[in-house]
>>> print(open('input_31.tsv').read())   # TSV, C-alpha atoms
chain	number	residue	atom	x	y	z
A	4	MET	CA	113.27	148.76	138.91
A	5	LYS	CA	116.91	149.17	138.01
A	6	LYS	CA	117.29	152.05	140.46
A	7	HIS	CA	115.85	149.99	143.33
A	8	SER	CA	118.22	147.13	142.53
A	9	LEU	CA	121.17	149.51	142.58
A	10	LEU	CA	120.08	150.96	145.92
A	11	ASN	CA	119.64	147.50	147.43
A	12	CYS	CA	123.14	146.49	146.29
A	13	LEU	CA	124.59	149.68	147.73
A	14	PHE	CA	122.83	149.19	151.06
A	15	VAL	CA	124.20	145.64	151.29
A	16	SER	CA	127.72	146.91	150.58
A	17	ILE	CA	127.34	149.69	153.10
A	18	ALA	CA	126.00	147.32	155.74
A	19	ALA	CA	129.04	145.10	155.22
A	20	PHE	CA	131.32	148.12	155.64
A	21	ILE	CA	129.57	149.26	158.80
A	22	LEU	CA	129.79	145.79	160.34
A	23	SER	CA	133.52	145.78	159.61
A	24	VAL	CA	133.99	148.92	161.74
A	25	PRO	CA	134.65	148.18	165.42
A	26	SER	CA	131.95	149.13	167.89
A	27	TYR	CA	133.31	151.34	170.65
A	28	SER	CA	131.30	150.76	173.81
A	29	ALA	CA	131.34	152.84	176.97
A	30	ASP	CA	134.00	150.64	178.60
A	31	ALA	CA	136.16	150.46	175.48
A	32	GLY	CA	138.88	152.49	177.19
A	33	GLU	CA	139.69	149.48	179.37
A	34	ARG	CA	140.33	147.12	176.45
A	35	ASP	CA	143.40	146.92	174.22
A	36	ASN	CA	143.86	150.05	172.09
A	37	ASP	CA	140.17	150.92	171.84
A	38	PHE	CA	140.69	153.96	174.02
A	39	MET	CA	142.73	155.47	171.19
A	40	VAL	CA	139.44	155.90	169.29
A	41	GLU	CA	137.31	156.47	172.37
A	42	TYR	CA	139.35	159.55	173.27
A	43	SER	CA	140.38	160.79	169.83
A	44	GLY	CA	138.23	163.94	170.12
A	45	THR	CA	137.42	165.74	166.90
A	46	MET	CA	139.64	163.25	165.07
A	47	HIS	CA	137.13	160.53	165.96
A	48	PRO	CA	136.04	158.64	162.82
A	49	TYR	CA	132.31	158.85	162.12
A	50	ASN	CA	130.46	156.12	164.02
A	51	PHE	CA	127.86	154.57	161.73
A	52	ASN	CA	126.82	152.18	164.49
A	53	LEU	CA	124.76	155.06	165.91
A	54	THR	CA	122.71	155.68	162.75
A	55	ASP	CA	118.92	155.58	163.12
A	56	SER	CA	117.43	153.23	160.56
A	57	SER	CA	113.94	154.75	160.40
A	58	VAL	CA	112.44	158.24	160.04
A	59	PRO	CA	110.43	159.94	162.80
A	60	TRP	CA	107.55	161.33	160.72
A	61	ASN	CA	104.37	159.51	159.74
A	62	GLU	CA	102.98	158.71	156.30
A	63	ASP	CA	100.86	161.88	156.34
A	64	MET	CA	104.05	163.96	156.01
A	65	THR	CA	106.21	164.35	152.94
A	66	PRO	CA	109.78	165.70	152.72
A	67	VAL	CA	109.91	168.79	150.50
A	68	PHE	CA	113.42	170.07	151.16
A	69	ILE	CA	116.68	169.18	152.91
A	70	ASN	CA	119.09	171.61	154.57
A	71	TYR	CA	122.47	170.05	155.24
A	72	VAL	CA	125.56	171.41	156.95
A	73	ALA	CA	128.60	169.23	157.46
A	74	ARG	CA	132.23	168.94	158.38
A	75	HIS	CA	134.68	167.26	156.02
A	76	GLY	CA	135.30	163.53	156.35
A	77	ALA	CA	138.26	161.61	157.74
A	78	ARG	CA	141.64	163.05	156.83
A	79	PHE	CA	145.33	162.65	157.41
A	80	LEU	CA	147.09	164.71	160.08
A	81	SER	CA	146.58	168.34	159.13
A	82	SER	CA	150.17	169.53	158.87
A	83	GLU	CA	153.76	168.31	159.02
A	84	LYS	CA	154.15	170.88	161.81
A	85	LYS	CA	152.15	168.49	164.01
A	86	ILE	CA	155.07	166.05	164.09
A	87	ALA	CA	158.05	168.36	163.53
A	88	HIS	CA	158.82	169.54	167.08
A	89	LEU	CA	158.50	166.18	168.81
A	90	ARG	CA	160.49	164.47	166.06
A	91	ASP	CA	163.26	167.06	166.42
A	92	ILE	CA	163.40	166.53	170.20
A	93	LEU	CA	163.51	162.75	169.84
A	94	MET	CA	166.18	162.90	167.14
A	95	GLU	CA	168.27	165.21	169.30
A	96	ALA	CA	167.96	162.79	172.22
A	97	ARG	CA	169.01	159.93	169.96
A	98	SER	CA	172.12	161.82	168.88
A	99	GLU	CA	172.93	162.54	172.54
A	100	GLY	CA	172.35	158.95	173.62
A	101	THR	CA	169.42	159.86	175.91
A	102	LEU	CA	166.61	158.31	173.87
A	103	SER	CA	164.90	155.39	175.59
A	104	GLU	CA	163.56	152.29	173.87
A	105	LYS	CA	160.07	153.75	174.06
A	106	GLY	CA	161.32	157.01	172.61
A	107	ALA	CA	162.92	155.14	169.73
A	108	GLY	CA	159.61	153.38	169.17
A	109	PHE	CA	157.71	156.65	169.01
A	110	LEU	CA	160.26	158.10	166.61
A	111	LYS	CA	159.67	155.11	164.31
A	112	LEU	CA	155.94	155.75	164.57
A	113	ILE	CA	156.41	159.38	163.55
A	114	ASP	CA	158.44	158.25	160.55
A	115	ARG	CA	155.66	155.82	159.63
A	116	VAL	CA	153.05	158.60	159.85
A	117	ASP	CA	155.20	160.72	157.57
A	118	SER	CA	155.67	157.84	155.13
A	119	VAL	CA	151.99	156.86	154.99
A	120	THR	CA	150.90	160.46	154.54
A	121	GLU	CA	153.39	160.95	151.69
A	122	GLY	CA	152.89	164.69	151.47
A	123	ARG	CA	149.09	164.42	151.70
A	124	TRP	CA	148.91	166.48	154.87
A	125	GLY	CA	145.31	167.38	155.69
A	126	ALA	CA	143.92	165.54	152.66
A	127	LEU	CA	140.69	163.59	152.69
A	128	ASN	CA	141.67	159.93	152.81
A	129	ALA	CA	140.04	156.67	151.72
A	130	LEU	CA	138.03	156.40	154.94
A	131	GLY	CA	136.77	159.96	154.52
A	132	MET	CA	135.67	159.25	150.97
A	133	GLU	CA	133.85	156.11	152.09
A	134	GLU	CA	132.17	158.07	154.90
A	135	GLU	CA	130.78	160.58	152.41
A	136	ARG	CA	129.45	157.90	150.10
A	137	ILE	CA	127.64	156.28	153.00
A	138	LEU	CA	126.28	159.61	154.26
A	139	ALA	CA	124.96	160.50	150.81
A	140	THR	CA	123.30	157.10	150.54
A	141	GLU	CA	121.70	157.62	153.95
A	142	MET	CA	120.31	160.94	152.77
A	143	MET	CA	118.85	159.28	149.68
A	144	ARG	CA	117.34	156.53	151.82
A	145	THR	CA	115.79	159.17	154.11
A	146	ALA	CA	113.92	160.93	151.30
A	147	PRO	CA	114.07	158.87	148.07
A	148	GLY	CA	110.97	160.51	146.63
A	149	LEU	CA	112.33	164.00	147.14
A	150	LEU	CA	115.83	163.22	145.87
A	151	GLY	CA	114.72	161.15	142.89
A	152	LYS	CA	114.90	164.26	140.76
A	153	GLY	CA	115.27	168.03	141.06
A	154	LYS	CA	118.04	170.51	141.77
A	155	VAL	CA	120.64	170.18	144.51
A	156	LYS	CA	122.91	173.08	145.43
A	157	ALA	CA	126.21	172.40	147.21
A	158	ILE	CA	128.85	174.83	148.46
A	159	ALA	CA	132.18	174.32	150.23
A	160	THR	CA	135.11	176.27	151.58
A	161	TYR	CA	138.22	176.49	149.41
A	162	VAL	CA	140.16	173.95	151.52
A	163	PRO	CA	140.88	170.85	149.39
A	164	ARG	CA	139.64	168.26	151.92
A	165	VAL	CA	136.33	170.11	152.16
A	166	VAL	CA	136.02	170.41	148.39
A	167	MET	CA	136.73	166.69	148.00
A	168	THR	CA	134.16	165.90	150.70
A	169	MET	CA	131.54	167.81	148.73
A	170	TYR	CA	132.48	166.08	145.48
A	171	GLU	CA	132.39	162.59	146.98
A	172	PHE	CA	129.01	163.25	148.59
A	173	CYS	CA	127.50	164.76	145.46
A	174	HIS	CA	128.96	162.10	143.20
A	175	GLN	CA	127.25	159.43	145.27
A	176	LEU	CA	123.94	161.28	145.02
A	177	SER	CA	124.34	161.36	141.25
A	178	VAL	CA	125.07	157.62	141.20
A	179	LEU	CA	121.86	156.98	143.11
A	180	SER	CA	119.74	159.29	140.95
A	181	SER	CA	120.82	160.33	137.47
A	182	ASP	CA	117.83	162.69	137.33
A	183	LEU	CA	119.27	165.04	139.96
A	184	GLU	CA	120.74	168.33	138.75
A	185	ILE	CA	123.62	168.97	141.13
A	186	SER	CA	125.55	172.24	141.12
A	187	THR	CA	128.73	172.54	143.19
A	188	SER	CA	130.73	175.62	144.08
A	189	GLU	CA	133.67	176.34	146.35
A	190	GLY	CA	135.96	179.21	147.17
A	191	HIS	CA	136.76	182.22	149.32
A	192	GLN	CA	133.35	183.74	148.52
A	193	TYR	CA	131.95	181.43	151.22
A	194	ASP	CA	134.48	182.36	153.91
A	195	SER	CA	132.13	184.68	155.81
A	196	LEU	CA	129.50	181.93	155.88
A	197	LEU	CA	131.57	178.78	156.46
A	198	ARG	CA	134.95	180.06	157.68
A	199	TYR	CA	133.70	182.87	159.90
A	200	PHE	CA	136.22	181.76	162.53
A	201	LYS	CA	138.83	183.33	160.25
A	202	THR	CA	136.92	186.35	158.92
A	203	ASP	CA	134.90	187.65	161.88
A	204	ALA	CA	137.13	190.24	163.56
A	205	ASP	CA	135.52	189.86	166.99
A	206	TYR	CA	135.89	186.09	166.88
A	207	VAL	CA	139.51	186.25	165.73
A	208	GLU	CA	140.26	188.60	168.64
A	209	PHE	CA	138.38	186.34	171.04
A	210	LEU	CA	140.60	183.41	170.12
A	211	LYS	CA	143.50	185.44	171.46
A	212	ASN	CA	141.59	186.32	174.65
A	213	PRO	CA	143.94	185.77	177.60
A	214	ASP	CA	141.06	185.16	180.04
A	215	TRP	CA	139.92	181.81	178.69
A	216	LYS	CA	143.42	180.82	177.65
A	217	ARG	CA	144.71	181.46	181.16
A	218	GLU	CA	142.13	179.12	182.68
A	219	TYR	CA	142.71	176.51	180.00
A	220	GLU	CA	146.48	176.61	180.45
A	221	HIS	CA	146.11	176.31	184.21
A	222	TYR	CA	143.91	173.25	183.76
A	223	ALA	CA	146.35	171.73	181.28
A	224	SER	CA	149.31	172.32	183.60
A	225	MET	CA	147.49	170.47	186.38
A	226	ASN	CA	146.06	167.59	184.36
A	227	ILE	CA	148.16	166.70	181.33
A	228	PRO	CA	150.43	163.87	182.53
A	229	THR	CA	154.21	163.88	182.30
A	230	SER	CA	154.83	160.12	182.35
A	231	PRO	CA	154.12	159.36	178.64
A	232	ALA	CA	156.80	161.79	177.48
A	233	ALA	CA	159.16	160.97	180.37
A	234	SER	CA	159.20	157.33	179.27
A	235	MET	CA	160.79	158.37	175.97
A	236	PHE	CA	164.02	159.61	177.56
A	237	THR	CA	166.70	158.15	179.80
A	238	ILE	CA	167.26	161.44	181.62
A	239	GLY	CA	164.82	163.70	183.43
A	240	LYS	CA	163.25	166.75	181.84
A	241	ASP	CA	161.34	169.74	183.13
A	242	ASP	CA	157.66	168.99	183.83
A	243	VAL	CA	156.52	171.88	181.66
A	244	GLU	CA	158.38	170.49	178.68
A	245	LEU	CA	157.21	166.95	179.41
A	246	ARG	CA	153.56	168.03	179.42
A	247	LYS	CA	154.06	169.80	176.12
A	248	LEU	CA	155.68	166.73	174.58
A	249	THR	CA	152.98	164.44	175.99
A	250	TYR	CA	150.30	166.61	174.45
A	251	GLU	CA	152.14	166.62	171.11
A	252	ALA	CA	152.36	162.83	171.23
A	253	TYR	CA	148.63	162.66	171.95
A	254	GLY	CA	147.98	164.96	168.97
A	255	ILE	CA	149.77	162.51	166.71
A	256	LEU	CA	148.17	159.39	168.16
A	257	GLN	CA	144.63	160.77	168.03
A	258	SER	CA	144.97	161.13	164.25
A	259	LEU	CA	145.90	157.50	163.63
A	260	PRO	CA	142.46	155.78	163.66
A	261	ALA	CA	141.16	158.11	160.96
A	262	ALA	CA	144.34	157.64	158.92
A	263	GLY	CA	144.17	153.85	159.20
A	264	ILE	CA	147.53	153.61	160.97
A	265	LYS	CA	147.80	151.03	163.74
A	266	ALA	CA	149.95	151.57	166.81
A	267	GLU	CA	150.35	149.92	170.19
A	268	ILE	CA	149.35	153.04	172.04
A	269	GLY	CA	149.60	151.32	175.42
A	270	GLU	CA	153.36	151.36	175.00
A	271	TRP	CA	153.32	155.07	175.89
A	272	PHE	CA	149.91	155.92	177.38
A	273	THR	CA	147.67	154.34	179.97
A	274	PRO	CA	143.93	154.78	179.32
A	275	SER	CA	143.75	157.34	182.14
A	276	ASP	CA	146.69	159.33	180.75
A	277	TYR	CA	145.17	159.32	177.28
A	278	ARG	CA	141.80	160.40	178.61
A	279	ALA	CA	143.45	163.24	180.54
A	280	CYS	CA	144.91	164.56	177.28
A	281	TRP	CA	141.53	164.28	175.57
A	282	GLU	CA	139.85	166.18	178.40
A	283	ALA	CA	142.33	169.04	177.96
A	284	ASP	CA	141.73	168.97	174.20
A	285	ASN	CA	137.97	168.89	174.76
A	286	LEU	CA	138.20	171.88	177.10
A	287	GLU	CA	140.16	173.93	174.58
A	288	HIS	CA	137.58	173.21	171.85
A	289	TYR	CA	134.80	174.13	174.26
A	290	TYR	CA	136.24	177.52	175.18
A	291	ALA	CA	137.18	178.37	171.61
A	292	ARG	CA	134.13	177.05	169.75
A	293	SER	CA	131.10	177.08	172.06
A	294	ALA	CA	129.24	179.19	174.59
A	295	SER	CA	131.02	179.40	177.95
A	296	ARG	CA	131.10	181.71	180.96
A	297	PHE	CA	133.78	183.70	179.15
A	298	SER	CA	131.82	184.63	176.04
A	299	ASP	CA	129.22	183.72	173.44
A	300	ILE	CA	131.18	185.36	170.60
A	301	PRO	CA	131.59	182.02	168.77
A	302	LEU	CA	127.80	181.81	168.62
A	303	LYS	CA	127.40	185.36	167.34
A	304	SER	CA	129.84	184.58	164.55
A	305	ALA	CA	127.75	181.60	163.48
A	306	GLN	CA	124.56	183.66	163.11
A	307	PRO	CA	124.88	184.28	159.33
A	308	LEU	CA	125.06	180.51	158.77
A	309	LEU	CA	121.97	179.88	160.89
A	310	GLU	CA	120.18	182.71	159.08
A	311	SER	CA	121.04	180.99	155.80
A	312	LEU	CA	119.50	177.74	157.03
A	313	ILE	CA	116.38	179.57	158.16
A	314	ALA	CA	116.04	181.44	154.87
A	315	SER	CA	116.22	178.32	152.74
A	316	ALA	CA	113.78	176.47	155.01
A	317	ASP	CA	111.41	179.45	154.82
A	318	ALA	CA	111.61	179.36	151.04
A	319	ALA	CA	110.74	175.68	151.06
A	320	ALA	CA	107.85	176.26	153.46
A	321	SER	CA	106.34	178.80	151.08
A	322	TRP	CA	107.12	176.77	147.94
A	323	ARG	CA	109.62	179.40	146.75
A	324	ASN	CA	112.66	177.14	146.66
A	325	GLU	CA	113.67	175.63	143.32
A	326	ASP	CA	116.14	173.26	145.00
A	327	VAL	CA	115.29	169.99	146.73
A	328	ALA	CA	118.43	170.27	148.89
A	329	PHE	CA	121.04	172.82	149.89
A	330	LEU	CA	124.31	171.29	151.09
A	331	ARG	CA	127.01	173.26	152.93
A	332	PHE	CA	130.45	171.77	153.68
A	333	GLY	CA	132.92	173.22	156.16
A	334	HIS	CA	135.05	172.39	159.18
A	335	ALA	CA	134.83	171.42	162.85
A	336	GLU	CA	135.19	175.13	163.56
A	337	THR	CA	132.11	175.69	161.37
A	338	VAL	CA	129.74	173.25	163.04
A	339	LEU	CA	130.76	173.48	166.72
A	340	PRO	CA	129.65	177.12	167.20
A	341	LEU	CA	126.62	176.62	164.93
A	342	PHE	CA	125.30	173.60	166.82
A	343	SER	CA	125.86	175.45	170.09
A	344	LEU	CA	123.94	178.47	168.78
A	345	MET	CA	121.08	176.18	167.74
A	346	ARG	CA	121.20	174.64	171.24
A	347	LEU	CA	121.07	171.13	169.86
A	348	PRO	CA	121.10	168.43	172.56
A	349	GLY	CA	124.60	167.90	173.94
A	350	CYS	CA	125.99	170.91	172.07
A	351	TYR	CA	125.20	173.73	174.49
A	352	ALA	CA	126.57	173.85	178.04
A	353	PRO	CA	127.35	177.50	178.83
A	354	ASP	CA	127.83	176.97	182.57
A	355	ALA	CA	130.11	173.92	182.49
A	356	VAL	CA	133.30	174.01	184.53
A	357	PRO	CA	136.62	172.39	183.53
A	358	GLY	CA	136.59	169.37	185.83
A	359	GLN	CA	133.03	168.42	184.89
A	360	LEU	CA	132.91	169.41	181.22
A	361	ALA	CA	133.28	165.85	179.90
A	362	SER	CA	129.93	165.00	181.49
A	363	HIS	CA	128.12	167.75	179.56
A	364	TRP	CA	129.97	168.56	176.34
A	365	ILE	CA	131.93	166.01	174.28
A	366	ASP	CA	133.65	167.23	171.14
A	367	SER	CA	133.76	163.78	169.51
A	368	ASP	CA	129.98	163.43	169.84
A	369	ILE	CA	129.35	166.88	168.36
A	370	SER	CA	131.98	167.06	165.63
A	371	PRO	CA	133.54	163.75	164.65
A	372	LEU	CA	135.08	163.56	161.21
A	373	GLY	CA	132.15	163.73	158.80
A	374	ALA	CA	129.90	165.47	161.36
A	375	ASN	CA	126.62	166.67	159.89
A	376	LEU	CA	123.19	168.06	160.58
A	377	MET	CA	120.40	167.07	158.21
A	378	MET	CA	117.32	169.25	158.47
A	379	VAL	CA	114.32	167.73	156.68
A	380	VAL	CA	111.49	170.14	155.88
A	381	LEU	CA	108.12	168.37	155.76
A	382	LYS	CA	104.59	169.16	154.60
A	383	ASP	CA	101.51	167.46	155.93
A	384	ARG	CA	98.29	166.95	153.99
A	385	LYS	CA	96.97	170.31	155.16
A	386	GLY	CA	100.05	172.10	153.86
A	387	GLU	CA	101.49	172.82	157.30
A	388	THR	CA	105.27	172.81	157.57
A	389	TYR	CA	107.27	170.70	160.01
A	390	VAL	CA	110.95	169.93	160.51
A	391	SER	CA	112.96	166.94	161.70
A	392	LEU	CA	116.64	167.23	162.63
A	393	ARG	CA	119.19	164.45	162.39
A	394	LEU	CA	122.52	165.11	164.11
A	395	ASN	CA	125.35	162.72	163.27
A	396	GLY	CA	122.98	159.92	162.34
A	397	ARG	CA	120.41	160.30	165.12
A	398	TRP	CA	117.05	162.06	164.99
A	399	ILE	CA	117.03	164.50	167.89
A	400	ALA	CA	114.13	165.76	169.96
A	401	ILE	CA	113.32	169.46	170.26
A	402	GLN	CA	110.77	170.19	173.00
A	403	ASP	CA	110.39	166.41	173.44
A	404	SER	CA	109.46	165.83	169.81
A	405	LYS	CA	111.45	164.63	166.80
A	406	VAL	CA	108.96	166.36	164.49
A	407	ILE	CA	108.37	170.03	165.29
A	408	GLU	CA	106.34	172.76	163.63
A	409	TRP	CA	108.66	174.94	161.59
A	410	TRP	CA	107.37	178.25	162.93
A	411	LYS	CA	108.11	177.12	166.50
A	412	LEU	CA	111.66	176.04	165.73
A	413	LYS	CA	112.30	179.19	163.72
A	414	GLU	CA	111.13	181.38	166.61
A	415	MET	CA	113.35	179.46	169.02
A	416	TRP	CA	116.43	179.93	166.84
A	417	GLN	CA	115.68	183.60	166.29
A	418	SER	CA	115.35	184.10	170.04
A	419	TYR	CA	118.69	182.37	170.61
A	420	MET	CA	120.35	184.73	168.15
A	421	LYS	CA	118.92	187.73	169.98
A	422	GLN	CA	120.26	186.39	173.27
A	423	SER	CA	123.79	185.81	171.99
>>> encode(input="input_31.tsv", output="structure tokens")
Amino acid sequence: MKKHSLLNCLFVSIAAFILSVPSYSADAGERDNDFMVEYSGTMHPYNFNLTDSSVPWNEDMTPVFINYVARHGARFLSSEKKIAHLRDILMEARSEGTLSEKGAGFLKLIDRVDSVTEGRWGALNALGMEEERILATEMMRTAPGLLGKGKVKAIATYVPRVVMTMYEFCHQLSVLSSDLEISTSEGHQYDSLLRYFKTDADYVEFLKNPDWKREYEHYASMNIPTSPAASMFTIGKDDVELRKLTYEAYGILQSLPAAGIKAEIGEWFTPSDYRACWEADNLEHYYARSASRFSDIPLKSAQPLLESLIASADAAASWRNEDVAFLRFGHAETVLPLFSLMRLPGCYAPDAVPGQLASHWIDSDISPLGANLMMVVLKDRKGETYVSLRLNGRWIAIQDSKVIEWWKLKEMWQSYMKQS
């Protein structure tokens, strides 16, 4: 009885938090500063307004295991390098007397970002911690019987924000069920599984591939606007430099919603200009982290992680798994190729072209801050094994069904790995 009371109190608190988060509708880009979140790309805070409140399986099915793979939660801007170049240019212009009023305003904003961050570059912030507590509570609500007791295994990369994400998530699980035995581990030993984008030699070489970079750079040179950066100076600058500075300004602004820093973004960017920068950012993520006409190397590099998911689901299907859940925490670069390899809805668009990509592949939908895939392994009364997949809060359909036989899904994923 006490546990149910605690859960009810937590759900009420979480509901209040969710209602306090603005809802970003399709036309949000035309109102106030909402487009700053609408087009913040992979720095988009997790949108709990999209969470499904019910499960897709019937009462004849029982959860027996949960596979979970996730990106870290909301964080501060990753590095001081993200602000250094633009700040230097603006400070130089100020010393030369060529800094406009808008430029002076952006320089003040950069100083505020630096001050708020206070040396915590890349660190999980308060919003990220709250995201993980909510996500853990959602997992408990999804399968309270399964997670009431038993062993949970959690692993993370060595990066501090990822480690803290794991700890916050697991701590919340332990609050909700003191009978869980949770083991956590992090470090370089998981690099090949969760940071393969740094350890796979073919993938590292691919990221330097001039073919996709040449097309991306051509697109960026044609579409990133010059006017946002031009407004910061009283004298003209070369268009190439202005596009670079505009893109750097966008990179700073896109981090602000997750960091809880408010700014009147319309002072420098129109909604269309801001969207143009996001589309270039989205295109770069697509070429580097998904399947495209240039290569499927990112997908090949994610195969060991998918094989790990399959192996633990297989163990659960045959009652060989001692754990009730296996949690894996990584990065945007971890989940984007993986979800593409799995061909999850909206995550796989190998034939998309630059000008139309935003209609088929949206980085903020696939990997917002706190992105996750929850794979619930189920048993029916006959002992047959099924699986339901929940991507970023929504149960997704595979072959038109949100509950699919495990052997079918396994065969599909194995065929995808053979094709990549």
>>> residues_around(input="input_31.tsv", residues="Leu372 in chain A", least_positions_apart="3", cutoff="8 Å", atoms="all atoms listed in the file", output="list of chain:residue names")
A:Thr45, A:Met46, A:His47, A:Pro48, A:Tyr49, A:Arg74, A:His75, A:Gly76, A:Ala77, A:Arg78, A:Gly131
>>> residues_around(input="input_31.tsv", residues="range 286-294 of chain A", least_positions_apart="6", cutoff="6 Å", atoms="all atoms listed in the file", output="list in words")
Pro301, Leu339, Pro340, Ser343 and Pro353 of chain A
>>> residues_around(input="input_31.tsv", residues="Glu189 in chain A", least_positions_apart="5", cutoff="6 Å", atoms="all atoms listed in the file", output="ChimeraX atom specification")
/A:158-161
>>> atom_distance(input="input_31.tsv", atom1="CA of Asp242 in chain A", atom2="CA of Ser230 in chain A")
9.4 Å
>>> residues_near_point(input="input_31.tsv", point="(158.6, 157.0, 171.1)", cutoff="12 Å", atoms="all atoms listed in the file", output="PyMOL selection string")
chain A and resi 86+89-90+92-94+96-97+102-115+231-237+248-249+251-253+255-256+266-272
>>> residues_around(input="input_31.tsv", residues="Pro357 in chain A", least_positions_apart="4", cutoff="12 Å", atoms="only C-alpha atoms", output="short mmCIF file (atom, residue, chain, number, x, y, z; two decimals) with C-alpha atoms, in the coordinates of the input")
data_model
loop_
_atom_site.label_atom_id
_atom_site.label_comp_id
_atom_site.auth_asym_id
_atom_site.auth_seq_id
_atom_site.Cartn_x
_atom_site.Cartn_y
_atom_site.Cartn_z
CA TRP A 215 139.92 181.81 178.69
CA GLU A 218 142.13 179.12 182.68
CA TYR A 219 142.71 176.51 180.00
CA GLU A 220 146.48 176.61 180.45
CA HIS A 221 146.11 176.31 184.21
CA TYR A 222 143.91 173.25 183.76
CA ALA A 223 146.35 171.73 181.28
CA MET A 225 147.49 170.47 186.38
CA ASN A 226 146.06 167.59 184.36
CA ALA A 279 143.45 163.24 180.54
CA GLU A 282 139.85 166.18 178.40
CA ALA A 283 142.33 169.04 177.96
CA ASP A 284 141.73 168.97 174.20
CA ASN A 285 137.97 168.89 174.76
CA LEU A 286 138.20 171.88 177.10
CA GLU A 287 140.16 173.93 174.58
CA HIS A 288 137.58 173.21 171.85
CA TYR A 289 134.80 174.13 174.26
CA TYR A 290 136.24 177.52 175.18
CA SER A 295 131.02 179.40 177.95
CA ARG A 296 131.10 181.71 180.96
CA ALA A 352 126.57 173.85 178.04
CA PRO A 353 127.35 177.50 178.83
CA ALA A 361 133.28 165.85 179.90
CA SER A 362 129.93 165.00 181.49
CA HIS A 363 128.12 167.75 179.56
CA TRP A 364 129.97 168.56 176.34
#
>>> residues_around(input="input_31.tsv", residues="Lys421 in chain A", least_positions_apart="6", cutoff="12 Å", atoms="only C-alpha atoms", output="PDB file with C-alpha atoms, in the frame of the given file")
ATOM      1  CA  ASP A 299     129.220 183.720 173.440  1.00  0.00           C
ATOM      2  CA  LEU A 302     127.800 181.810 168.620  1.00  0.00           C
ATOM      3  CA  LYS A 303     127.400 185.360 167.340  1.00  0.00           C
ATOM      4  CA  GLN A 306     124.560 183.660 163.110  1.00  0.00           C
ATOM      5  CA  LEU A 344     123.940 178.470 168.780  1.00  0.00           C
ATOM      6  CA  MET A 345     121.080 176.180 167.740  1.00  0.00           C
ATOM      7  CA  GLU A 414     111.130 181.380 166.610  1.00  0.00           C
ATOM      8  CA  MET A 415     113.350 179.460 169.020  1.00  0.00           C
TER       9      MET A 415
END
>>> closest_residue(input="input_31.tsv", among="A:Leu130, A:Leu347, A:Ala146, A:Ile69", to="Leu412 in chain A", atoms="only C-alpha atoms")
A:Leu347
>>> build_atoms(input="input_31.tsv", residues="range 355-366 of chain A", atoms="N, CA and C atoms", output="CSV table (one decimal), keeping the file's coordinate frame")
chain,number,residue,atom,x,y,z
A,355,ALA,N,129.2,175.0,182.1
A,355,ALA,CA,130.1,173.9,182.5
A,355,ALA,C,131.4,174.4,183.0
A,356,VAL,N,132.0,173.7,184.0
A,356,VAL,CA,133.3,174.0,184.5
A,356,VAL,C,134.3,172.9,184.1
A,357,PRO,N,135.6,173.3,184.1
A,357,PRO,CA,136.6,172.4,183.5
A,357,PRO,C,136.6,170.9,184.0
A,358,GLY,N,136.5,170.7,185.3
A,358,GLY,CA,136.6,169.4,185.8
A,358,GLY,C,135.4,168.5,185.5
A,359,GLN,N,134.3,169.2,185.1
A,359,GLN,CA,133.0,168.4,184.9
A,359,GLN,C,132.6,168.5,183.4
A,360,LEU,N,133.3,169.2,182.6
A,360,LEU,CA,132.9,169.4,181.2
A,360,LEU,C,132.6,168.1,180.5
A,361,ALA,N,133.4,167.1,180.7
A,361,ALA,CA,133.3,165.8,179.9
A,361,ALA,C,132.0,165.1,180.2
A,362,SER,N,131.2,165.6,181.2
A,362,SER,CA,129.9,165.0,181.5
A,362,SER,C,128.8,165.8,180.8
A,363,HIS,N,129.2,166.9,180.2
A,363,HIS,CA,128.1,167.8,179.6
A,363,HIS,C,128.4,168.1,178.1
A,364,TRP,N,129.6,168.1,177.7
A,364,TRP,CA,130.0,168.6,176.3
A,364,TRP,C,131.1,167.7,175.8
A,365,ILE,N,130.9,166.9,174.8
A,365,ILE,CA,131.9,166.0,174.3
A,365,ILE,C,132.2,166.3,172.8
A,366,ASP,N,133.4,166.8,172.5
A,366,ASP,CA,133.6,167.2,171.1
A,366,ASP,C,133.5,166.1,170.1
